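Novice: File name input16.cif; file contents mmCIF, C-alpha atoms; full text below.
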data_query
loop_
_atom_site.label_atom_id
_atom_site.label_comp_id
_atom_site.auth_asym_id
_atom_site.auth_seq_id
_atom_site.Cartn_x
_atom_site.Cartn_y
_atom_site.Cartn_z
CA MET A 1 135.73 65.04 151.68
CA SER A 2 134.47 62.56 149.10
CA GLU A 3 134.96 62.93 145.33
CA ALA A 4 131.20 63.17 144.84
CA ALA A 5 131.03 66.19 147.09
CA LEU A 6 133.66 67.92 144.94
CA THR A 7 131.72 67.41 141.69
CA PRO A 8 128.19 68.75 142.26
CA ALA A 9 127.71 69.33 138.51
CA PHE A 10 127.37 65.56 138.04
CA GLU A 11 124.73 65.07 140.70
CA GLU A 12 121.16 64.21 139.73
CA PRO A 13 119.06 67.39 139.46
CA GLU A 14 116.53 67.92 142.17
CA ALA A 15 113.01 67.01 141.05
CA PRO A 16 110.64 69.99 140.78
CA ARG A 17 108.50 70.32 143.80
CA ALA A 18 104.76 69.89 143.45
CA SER A 19 102.68 73.03 143.76
CA PRO A 20 101.30 73.61 147.22
CA ARG A 21 97.77 72.30 147.39
CA SER A 22 96.58 75.61 148.72
CA ARG A 23 97.90 77.43 145.65
CA SER A 24 96.30 75.01 143.18
CA THR A 25 93.00 75.19 145.01
CA LEU A 26 93.10 78.98 145.22
CA LEU A 27 93.87 79.37 141.51
CA LYS A 28 90.98 77.06 140.64
CA ARG A 29 88.56 78.93 142.90
CA LEU A 30 89.56 82.33 141.54
CA ALA A 31 89.12 81.04 137.99
CA ASP A 32 85.69 79.69 138.99
CA VAL A 33 84.70 83.11 140.30
CA VAL A 34 85.82 84.84 137.10
CA CYS A 35 83.68 82.34 135.16
CA LEU A 36 80.52 83.02 137.16
CA PRO A 37 77.56 84.25 135.09
CA SER A 38 76.61 87.93 135.20
CA SER A 39 73.61 87.07 137.38
CA ARG A 40 76.00 85.98 140.13
CA ILE A 41 78.81 88.56 139.88
CA ASN A 42 78.98 92.17 138.72
CA ALA A 43 81.65 93.66 136.45
CA PHE A 44 83.65 95.25 139.26
CA GLU A 45 83.79 92.04 141.27
CA ARG A 46 84.88 90.07 138.20
CA SER A 47 87.55 92.68 137.45
CA MET A 48 88.85 92.62 141.02
CA THR A 49 89.07 88.83 140.97
CA ALA A 50 90.83 88.89 137.60
CA ASP A 51 93.44 91.34 138.94
CA LEU A 52 94.14 89.02 141.88
CA LEU A 53 94.33 86.00 139.57
CA VAL A 54 96.80 87.81 137.28
CA GLU A 55 99.09 88.58 140.20
CA MET A 56 99.16 84.90 141.18
CA LEU A 57 99.65 83.68 137.62
CA ARG A 58 102.74 85.83 137.12
CA ASP A 59 104.66 83.58 139.53
CA ALA A 60 102.75 80.34 138.95
CA ASN A 61 104.33 77.49 137.01
CA VAL A 62 103.40 76.57 133.42
CA GLY A 63 101.12 73.70 134.43
CA GLU A 64 99.14 75.94 136.76
CA ARG A 65 98.80 78.66 134.15
CA GLU A 66 97.70 76.12 131.54
CA LYS A 67 94.95 74.80 133.84
CA VAL A 68 93.61 78.31 134.36
CA ALA A 69 93.74 79.01 130.62
CA ARG A 70 91.74 75.85 129.87
CA ARG A 71 89.18 76.82 132.49
CA LEU A 72 88.77 80.31 131.01
CA ALA A 73 88.68 79.20 127.35
CA MET A 74 84.94 78.55 127.55
CA LEU A 75 84.11 82.11 128.68
CA ASN A 76 82.12 84.34 126.34
CA GLU A 77 83.73 87.43 127.84
CA MET A 78 87.14 87.10 129.41
CA PRO A 79 88.68 89.98 131.38
CA GLY A 80 91.14 91.77 129.09
CA VAL A 81 93.95 91.71 131.62
CA LEU A 82 93.77 87.90 131.72
CA VAL A 83 93.57 87.58 127.95
CA ARG A 84 96.67 89.70 127.39
CA LEU A 85 98.64 87.74 129.98
CA LEU A 86 97.68 84.25 128.83
CA LEU A 87 97.79 84.79 125.07
CA ARG A 88 101.40 85.96 125.25
CA ASP A 89 102.38 83.13 127.59
CA GLU A 90 104.33 80.04 126.65
CA LEU A 91 102.78 77.94 123.91
CA PRO A 92 101.11 75.27 126.12
CA VAL A 93 99.29 78.05 128.00
CA ALA A 94 98.40 80.19 124.98
CA ARG A 95 97.31 77.14 122.97
CA ALA A 96 94.46 76.46 125.38
CA LEU A 97 92.92 79.79 124.38
CA LEU A 98 94.01 80.03 120.75
CA VAL A 99 92.65 76.58 119.94
CA ASP A 100 89.62 76.25 122.20
CA SER A 101 88.32 79.79 122.78
CA GLU A 102 85.92 80.98 120.09
CA LYS A 103 85.27 84.36 121.69
CA LEU A 104 88.65 86.03 121.38
CA SER A 105 88.32 89.46 119.77
CA ASP A 106 90.31 90.64 116.75
CA ALA A 107 92.04 93.15 119.04
CA ASP A 108 93.14 90.34 121.38
CA LEU A 109 94.48 88.26 118.50
CA ILE A 110 96.32 91.15 116.84
CA SER A 111 97.89 92.15 120.14
CA CYS A 112 99.04 88.57 120.62
CA LEU A 113 100.45 88.05 117.14
CA TYR A 114 102.62 91.15 117.28
CA GLN A 115 104.12 90.25 120.66
CA ALA A 116 104.33 86.45 120.60
CA THR A 117 106.16 83.77 118.62
CA THR A 118 105.80 82.27 115.16
CA GLU A 119 104.03 79.24 116.69
CA HIS A 120 101.50 81.53 118.34
CA ARG A 121 100.85 83.15 114.96
CA ARG A 122 100.44 79.74 113.31
CA LEU A 123 97.81 78.81 115.87
CA ILE A 124 95.97 82.05 115.14
CA ALA A 125 96.15 81.33 111.41
CA GLN A 126 94.52 77.93 112.03
CA ARG A 127 91.50 79.37 113.84
CA ARG A 128 88.05 79.08 112.30
CA GLY A 129 86.85 82.18 110.52
CA VAL A 130 89.96 84.34 110.83
CA SER A 131 88.83 87.85 109.89
CA GLU A 132 90.38 89.98 107.15
CA VAL A 133 91.95 92.39 109.64
CA VAL A 134 93.63 89.59 111.60
CA ALA A 135 94.75 87.87 108.37
CA ASP A 136 96.23 91.16 107.13
CA ALA A 137 98.22 91.52 110.35
CA LEU A 138 99.51 87.94 110.11
CA ILE A 139 100.55 88.47 106.49
CA GLU A 140 102.32 91.73 107.27
CA VAL A 141 104.63 89.95 109.70
CA GLY A 142 105.95 88.18 106.60
CA GLU A 143 106.55 84.64 107.86
CA PRO A 144 106.11 82.06 105.05
CA ALA A 145 105.10 79.30 107.51
CA VAL A 146 102.29 81.47 108.90
CA ILE A 147 101.14 82.57 105.42
CA GLU A 148 101.11 78.92 104.33
CA THR A 149 98.89 78.05 107.29
CA LEU A 150 96.54 80.89 106.38
CA LEU A 151 96.30 79.77 102.75
CA ARG A 152 95.46 76.23 103.85
CA ASN A 153 92.67 77.53 106.10
CA GLU A 154 89.59 77.53 103.87
CA LEU A 155 87.61 79.52 106.44
CA VAL A 156 89.99 82.48 106.52
CA LYS A 157 88.98 85.72 104.80
CA LEU A 158 91.69 87.39 102.72
CA SER A 159 91.41 91.06 101.81
CA HIS A 160 92.53 92.51 98.47
CA GLN A 161 95.54 94.06 100.20
CA GLY A 162 96.28 90.80 101.96
CA VAL A 163 96.35 88.93 98.65
CA GLU A 164 98.69 91.55 97.18
CA ASN A 165 101.06 91.17 100.10
CA ILE A 166 101.04 87.38 99.69
CA VAL A 167 101.75 87.77 95.97
CA ALA A 168 104.74 89.92 96.93
CA ALA A 169 105.85 87.29 99.45
CA THR A 170 105.78 84.53 96.81
CA ARG A 171 108.74 86.20 95.12
CA ASP A 172 110.99 84.67 97.78
CA ALA A 173 108.66 81.87 98.93
CA GLN A 174 107.57 80.20 95.72
CA HIS A 175 106.13 77.17 97.51
CA LEU A 176 103.21 79.46 98.40
CA ILE A 177 102.21 79.96 94.77
CA PRO A 178 100.21 76.70 94.28
CA LEU A 179 98.32 77.39 97.52
CA LEU A 180 97.54 80.96 96.49
CA LEU A 181 96.36 79.81 93.06
CA ARG A 182 93.62 77.79 94.78
CA ARG A 183 92.20 80.84 96.55
CA ALA A 184 89.04 82.40 95.16
CA GLU A 185 90.27 85.85 96.22
CA LEU A 186 93.13 85.84 93.67
CA ARG A 187 92.47 88.23 90.78
CA PRO A 188 93.93 88.27 87.23
CA SER A 189 96.03 91.36 87.99
CA HIS A 190 97.64 89.49 90.89
CA ALA A 191 98.14 86.27 88.95
CA TYR A 192 99.76 87.88 85.92
CA VAL A 193 102.31 89.71 88.06
CA MET A 194 103.11 86.51 89.95
CA PHE A 195 103.45 84.73 86.58
CA TRP A 196 106.92 86.24 86.07
CA TRP A 197 108.52 84.30 88.92
CA ALA A 198 106.24 81.24 88.93
CA ASP A 199 107.49 77.85 87.74
CA SER A 200 106.19 76.19 84.57
CA GLU A 201 103.39 74.26 86.31
CA ALA A 202 102.11 77.35 88.11
CA ARG A 203 102.27 79.29 84.84
CA ARG A 204 100.16 76.64 83.16
CA VAL A 205 97.54 76.96 85.91
CA ILE A 206 97.58 80.77 85.66
CA LEU A 207 97.03 80.69 81.91
CA GLN A 208 94.36 78.03 82.22
CA ARG A 209 92.42 79.85 84.93
CA PHE A 210 92.91 83.53 84.16
CA ALA A 211 93.35 83.71 80.39
CA VAL A 212 89.72 84.71 79.92
CA SER A 213 87.94 85.91 76.83
CA ARG A 214 86.98 89.58 76.42
CA GLU A 215 84.04 88.73 74.17
CA ILE A 216 81.41 89.90 76.65
CA LEU A 217 83.19 93.25 76.99
CA GLN A 218 83.55 93.58 73.24
CA ASP A 219 79.83 92.97 72.75
CA ALA A 220 78.92 95.42 75.51
CA VAL A 221 80.98 98.35 74.22
CA GLY A 222 81.14 97.64 70.50
CA ASP A 223 79.41 100.91 69.57
CA VAL A 224 81.64 102.99 71.84
CA PHE A 225 84.62 102.57 69.53
CA ALA A 226 82.84 104.61 66.84
CA LEU A 227 81.94 107.30 69.38
CA ALA A 228 85.52 107.55 70.63
CA SER A 229 86.85 107.66 67.08
CA ALA A 230 84.42 110.45 66.16
CA GLU A 231 85.76 112.44 69.12
CA GLY A 232 89.32 111.90 67.97
CA TRP A 233 90.15 109.61 70.89
CA GLN A 234 90.49 112.71 73.06
CA ASP A 235 89.48 111.12 76.35
CA PRO A 236 92.53 109.28 77.75
CA LEU A 237 90.48 107.21 80.20
CA SER A 238 88.15 105.74 77.61
CA ARG A 239 91.02 105.33 75.12
CA LYS A 240 93.02 103.25 77.60
CA ALA A 241 90.05 101.04 78.47
CA LEU A 242 89.09 100.52 74.84
CA GLN A 243 92.66 99.59 73.96
CA PHE A 244 92.39 96.78 76.48
CA ILE A 245 89.07 95.58 75.06
CA GLU A 246 89.58 95.88 71.30
CA ARG A 247 90.15 92.83 69.15
CA ARG A 248 93.13 94.11 67.20
CA GLN A 249 96.50 93.57 68.87
CA ARG A 250 98.97 94.82 66.29
CA ASN A 251 99.71 98.54 66.14
CA ARG A 252 98.97 99.60 62.58
CA ALA A 253 100.14 103.15 63.17
CA ALA A 254 103.60 101.88 64.13
CA ILE A 255 104.14 100.40 60.65
CA ALA A 256 104.46 103.87 59.12
CA LYS A 257 107.38 104.68 61.43
CA SER A 258 109.04 101.27 61.39
CA PRO A 259 111.92 100.18 59.15
CA PHE A 260 110.03 96.90 58.75
CA ASN A 261 106.96 96.40 56.58
CA SER A 262 105.27 94.08 59.08
CA LEU A 263 105.60 92.41 62.44
CA ASP A 264 106.42 89.15 60.67
CA GLU A 265 109.33 90.84 58.92
CA ALA A 266 110.67 92.22 62.19
CA VAL A 267 110.54 88.77 63.79
CA ALA A 268 112.34 87.29 60.78
CA ALA A 269 115.05 89.94 61.15
CA GLY A 270 115.45 89.02 64.81
CA GLU A 271 116.02 85.37 63.95
CA GLY A 272 119.59 86.17 63.03
CA GLY A 273 120.24 87.73 66.40
CA PHE A 274 118.37 90.09 68.70
CA ASN A 275 119.45 93.61 69.51
CA ARG A 276 117.72 96.44 71.32
CA GLU A 277 116.41 98.08 68.14
CA ILE A 278 114.75 94.90 66.83
CA ALA A 279 113.27 94.13 70.25
CA GLU A 280 111.77 97.62 70.46
CA GLU A 281 110.34 97.42 66.93
CA ILE A 282 108.70 94.06 67.64
CA SER A 283 107.24 95.58 70.81
CA TYR A 284 105.88 98.66 69.05
CA LEU A 285 104.43 96.65 66.16
CA SER A 286 102.82 94.27 68.67
CA GLY A 287 101.08 97.13 70.46
CA LEU A 288 103.37 96.84 73.49
CA LYS A 289 105.53 99.24 75.42
CA PRO A 290 109.24 98.48 74.95
CA MET A 291 109.63 97.53 78.61
CA THR A 292 106.86 94.96 78.30
CA GLY A 293 108.67 93.55 75.29
CA ALA A 294 111.95 93.52 77.21
CA LYS A 295 110.29 91.61 80.00
CA ILE A 296 108.96 89.04 77.52
CA PHE A 297 112.24 88.57 75.66
CA THR A 298 114.33 88.19 78.83
CA ASP A 299 111.99 85.79 80.59
CA PRO A 300 113.95 82.59 81.27
CA GLY A 301 110.96 80.27 80.91
CA GLY A 302 109.96 81.38 77.43
CA GLU A 303 106.18 81.02 77.75
CA PRO A 304 105.64 84.76 77.16
CA LEU A 305 107.08 84.32 73.65
CA ALA A 306 104.23 81.93 72.84
CA ILE A 307 101.69 84.39 74.26
CA LEU A 308 103.15 87.23 72.17
CA CYS A 309 103.04 85.22 68.95
CA LYS A 310 99.52 83.87 69.48
CA ALA A 311 98.08 87.24 70.55
CA THR A 312 99.46 89.03 67.50
CA GLY A 313 98.43 86.38 65.00
CA LEU A 314 101.98 85.24 64.23
CA PRO A 315 102.30 81.63 63.01
CA ARG A 316 103.77 78.86 65.16
CA GLY A 317 107.06 79.05 63.31
CA CYS A 318 107.65 82.56 64.66
CA VAL A 319 108.02 81.11 68.14
CA ARG A 320 111.00 79.15 66.83
CA GLN A 321 112.37 82.24 65.09
CA LEU A 322 112.26 84.25 68.32
CA TRP A 323 113.73 81.33 70.24
CA ARG A 324 116.59 81.08 67.74
CA GLY A 325 117.17 84.83 67.72
CA LEU A 326 117.49 84.81 71.51
CA ARG A 327 120.16 82.09 71.20
CA ARG A 328 118.24 79.48 73.14
CA GLN A 329 118.78 75.75 72.76
CA GLU A 330 116.49 74.24 70.13
CA VAL A 331 117.37 70.54 70.26
CA ASP A 332 118.71 68.17 72.87
CA ARG A 333 121.56 65.68 72.51
CA THR A 334 119.34 63.22 70.65
CA GLY A 335 118.32 65.81 68.08
CA ALA A 336 114.78 66.07 69.43
CA THR A 337 113.15 69.39 70.20
CA ASP A 338 114.48 70.81 73.45
CA PRO A 339 111.96 70.22 76.30
CA ASN A 340 111.81 73.93 77.13
CA LEU A 341 110.99 74.87 73.55
CA GLU A 342 108.50 72.00 73.37
CA ARG A 343 106.76 73.34 76.48
CA VAL A 344 106.56 76.83 74.97
CA LEU A 345 105.13 75.48 71.70
CA THR A 346 102.53 73.58 73.72
CA VAL A 347 101.47 76.87 75.32
CA TYR A 348 101.12 78.38 71.85
CA ASP A 349 98.93 75.49 70.71
CA ALA A 350 96.76 75.46 73.82
CA ILE A 351 95.75 79.10 74.14
CA ALA A 352 93.21 80.90 71.94
CA VAL A 353 94.07 84.23 70.28
CA ASP A 354 91.57 86.28 72.30
CA ARG A 355 92.73 84.80 75.59
CA ALA A 356 96.38 85.34 74.69
CA GLN A 357 95.55 88.97 73.99
CA THR A 358 93.99 89.28 77.45
CA VAL A 359 97.21 88.03 79.04
CA LEU A 360 99.40 90.29 76.91
CA ARG A 361 97.32 93.35 77.69
CA TYR A 362 97.33 92.63 81.39
CA TRP A 363 101.12 92.49 81.24
CA ASN A 364 101.33 95.71 79.25
CA TRP A 365 98.92 97.35 81.68
CA SER A 366 100.41 96.02 84.90
CA LEU A 367 103.95 97.05 84.00
CA THR A 368 102.87 100.69 84.04
CA SER A 369 99.71 101.69 85.87
CA ALA A 370 98.31 98.69 87.70
CA LEU A 371 101.11 97.89 90.10
CA THR A 372 100.64 98.85 93.71
CA PRO A 373 103.56 99.59 96.08
CA ALA A 374 103.42 96.06 97.51
CA LEU A 375 103.80 94.47 94.08
CA LEU A 376 106.38 97.00 92.93
CA LYS A 377 108.45 96.17 95.98
CA ALA A 378 108.27 92.48 95.13
CA ILE A 379 109.57 92.85 91.57
CA ARG A 380 111.80 95.90 91.85
CA ASP A 381 115.07 95.42 90.03
CA GLY A 382 117.04 97.33 92.62
CA ASP A 383 119.44 99.14 90.28
CA GLU A 384 117.61 102.46 90.28
CA ALA A 385 120.67 104.39 89.11
CA ALA A 386 120.41 102.62 85.75
CA VAL A 387 116.98 104.02 84.93
CA ASP A 388 117.93 107.69 84.69
CA GLU A 389 118.35 107.51 80.92
CA TYR A 390 114.70 106.55 80.43
CA SER A 391 111.61 108.72 80.30
CA ALA A 392 109.21 108.88 83.24
CA PRO A 393 106.82 106.24 81.84
CA GLN A 394 109.74 103.99 80.99
CA ARG A 395 111.20 104.43 84.48
CA ALA A 396 107.86 103.38 85.95
CA ALA A 397 107.92 100.30 83.77
CA MET A 398 111.56 99.57 84.58
CA LEU A 399 110.69 99.34 88.26
CA ALA A 400 108.51 96.36 87.41
CA LEU A 401 111.24 94.45 85.64
CA SER A 402 112.41 91.40 87.51
CA ARG A 403 115.83 90.97 89.09
CA ASP A 404 116.72 88.81 86.08
CA PHE A 405 116.25 91.62 83.56
CA GLY A 406 119.36 92.35 81.51
CA ARG A 407 119.82 95.70 79.80
#
As structure tokens, what does this structure read like?

Specialist:
Amino acid sequence: MSEAALTPAFEEPEAPRASPRSRSTLLKRLADVVCLPSSRINAFERSMTADLLVEMLRDANVGEREKVARRLAMLNEMPGVLVRLLLRDELPVARALLVDSEKLSDADLISCLYQATTEHRRLIAQRRGVSEVVADALIEVGEPAVIETLLRNELVKLSHQGVENIVAATRDAQHLIPLLLRRAELRPSHAYVMFWWADSEARRVILQRFAVSREILQDAVGDVFALASAEGWQDPLSRKALQFIERRQRNRAAIAKSPFNSLDEAVAAGEGGFNREIAEEISYLSGLKPMTGAKIFTDPGGEPLAILCKATGLPRGCVRQLWRGLRRQEVDRTGATDPNLERVLTVYDAIAVDRAQTVLRYWNWSLTSALTPALLKAIRDGDEAAVDEYSAPQRAAMLALSRDFGR
């Protein structure tokens, strides 16, 4: 026996055999029948032919299945049994429908995306006019590559819930943030939550786009403040809304209970070194909940310090005082202002008082009542055992603190 006969593993593989001509012809004819107009074939005949075609396609090769898929892609109404089979097929087969067929229903697409591959879902995300319900399903799968494709598709429709889920996804896929910031569906409440884990450039865009003035609201409800005051601010709903709208940021009532005579004095005291008591007093005097203040003071980027100072009418020098009190680097090796501090001071200079107040109040609001489960999940600290010592409102706020928060 020869050596070659003893080593079959090294032999050239046998070339795949061509499909029998009868099979190729039969598949084409059956596909032609399925594609006949309703004037030529009734529903039962079309269904019967589709069933026969499905049975053949199960054992046909990829090339044969792809040819049938391309033939059927032009149909306005494709038999459901064929759609389900071909959409879940290998990518060359499914692509013929996902790219070329405009008549696939939302139900067909959703069924496909839950049972196919990431590449199938990317093809769905690229389709023209992806509906909100299909986009929601794609987002829920949680694949950054698919979400990126959706965000790049200007014809896709994103629901409010879909945007929230993408905001949550950006926590661990920050490359999605610039794409999401270009979407018209993004709302201030979404943007200001995402701000906490965005990089400096994305933060600049968020402040530039969403730091809006409340002047129109102040003009519209100016007389309501007197009405609410006459009623003793008894209605909690109107009180909360008016607190968001009013021009004054500092909490005058907190001065009477504070060991400091003013917010400026509290900031000056913190310059020598922050502790929990000083941080809480600055928060109270600024009209903030302590957990909002904690979030601001522990933010690694520092931009929230500039927002706090501008919104409360503190001078530019107070940004440096807070920076120094938090033991952050003020100068580089050359003696020039540290680039991070310089960036924060630029934010202070660029934003108007009213707009800074809008940002600050969104933060104060979102850290308590405005966060939905999807956003809470994205920014949950994870150490729930540590929150037992806080009150119920504080525990709710603690859940919104980032993973970088230090107690």

Novice: I need the residue set behind the PyMOL selection byres ((chain A and resi 207) around 10) for this file; please write it as a list in words.

Specialist: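 This file gives the following for the PyMOL selection byres ((chain A and resi 207) around 10): Pro188, Ala191, Tyr192, Phe195, Ala202, Arg203, Arg204, Val205, Ile206, Gln208, Arg209, Phe210, Ala211, Val212, Ile307, Val347, Ala350, Ile351, Arg355, Ala356 and Val359 of chain A.
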
Novice: Kindly save the residues from that selection, with C-alpha atoms included, as a CSV table (one decimal), in the coordinates of the input.

Specialist:
chain,number,residue,atom,x,y,z
A,188,PRO,CA,93.9,88.3,87.2
A,191,ALA,CA,98.1,86.3,89.0
A,192,TYR,CA,99.8,87.9,85.9
A,195,PHE,CA,103.4,84.7,86.6
A,202,ALA,CA,102.1,77.4,88.1
A,203,ARG,CA,102.3,79.3,84.8
A,204,ARG,CA,100.2,76.6,83.2
A,205,VAL,CA,97.5,77.0,85.9
A,206,ILE,CA,97.6,80.8,85.7
A,208,GLN,CA,94.4,78.0,82.2
A,209,ARG,CA,92.4,79.8,84.9
A,210,PHE,CA,92.9,83.5,84.2
A,211,ALA,CA,93.4,83.7,80.4
A,212,VAL,CA,89.7,84.7,79.9
A,307,ILE,CA,101.7,84.4,74.3
A,347,VAL,CA,101.5,76.9,75.3
A,350,ALA,CA,96.8,75.5,73.8
A,351,ILE,CA,95.8,79.1,74.1
A,355,ARG,CA,92.7,84.8,75.6
A,356,ALA,CA,96.4,85.3,74.7
A,359,VAL,CA,97.2,88.0,79.0

Novice: Taking only residues of segment 296-338 of chain A that have an atom at most 9 Å from an atom of segment 241-252 of chain A, what is each one's shortest atom pair and its distance in Å to one decimal, using only C-alpha atoms, in chain and number order, as CSV?

Specialist:
residue,atom,partner,partner_atom,distance
A:Ala311,CA,A:Gln249,CA,6.7
A:Thr312,CA,A:Gln249,CA,5.6
A:Gly313,CA,A:Gln249,CA,8.4

Novice: Counting all atoms listed in the file, what is within 9 Å of segment 32-47 of chain A, bar same-chain residues fewer than 5 positions away, as a list in words?

Specialist: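 Once the adjacent positions are removed, what remains is Leu27, Leu52, Leu53, Arg71, Leu72, Met74, Leu75, Glu77, Met78, Pro79 and Val81 of chain A.
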
Novice: Mind pulling up the distance from atom CA of Glu215 of chain A to atom CA of Val319 of chain A?

Specialist: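 Result for atom CA of Val319 of chain A versus atom CA of Glu215 of chain A: 25.9 Å, one decimal.
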
Novice: To one decimal place in Å, what is the distance between atom CA of Leu237 of chain A and atom CA of Ser262 of chain A?

Specialist: 28.9 Å
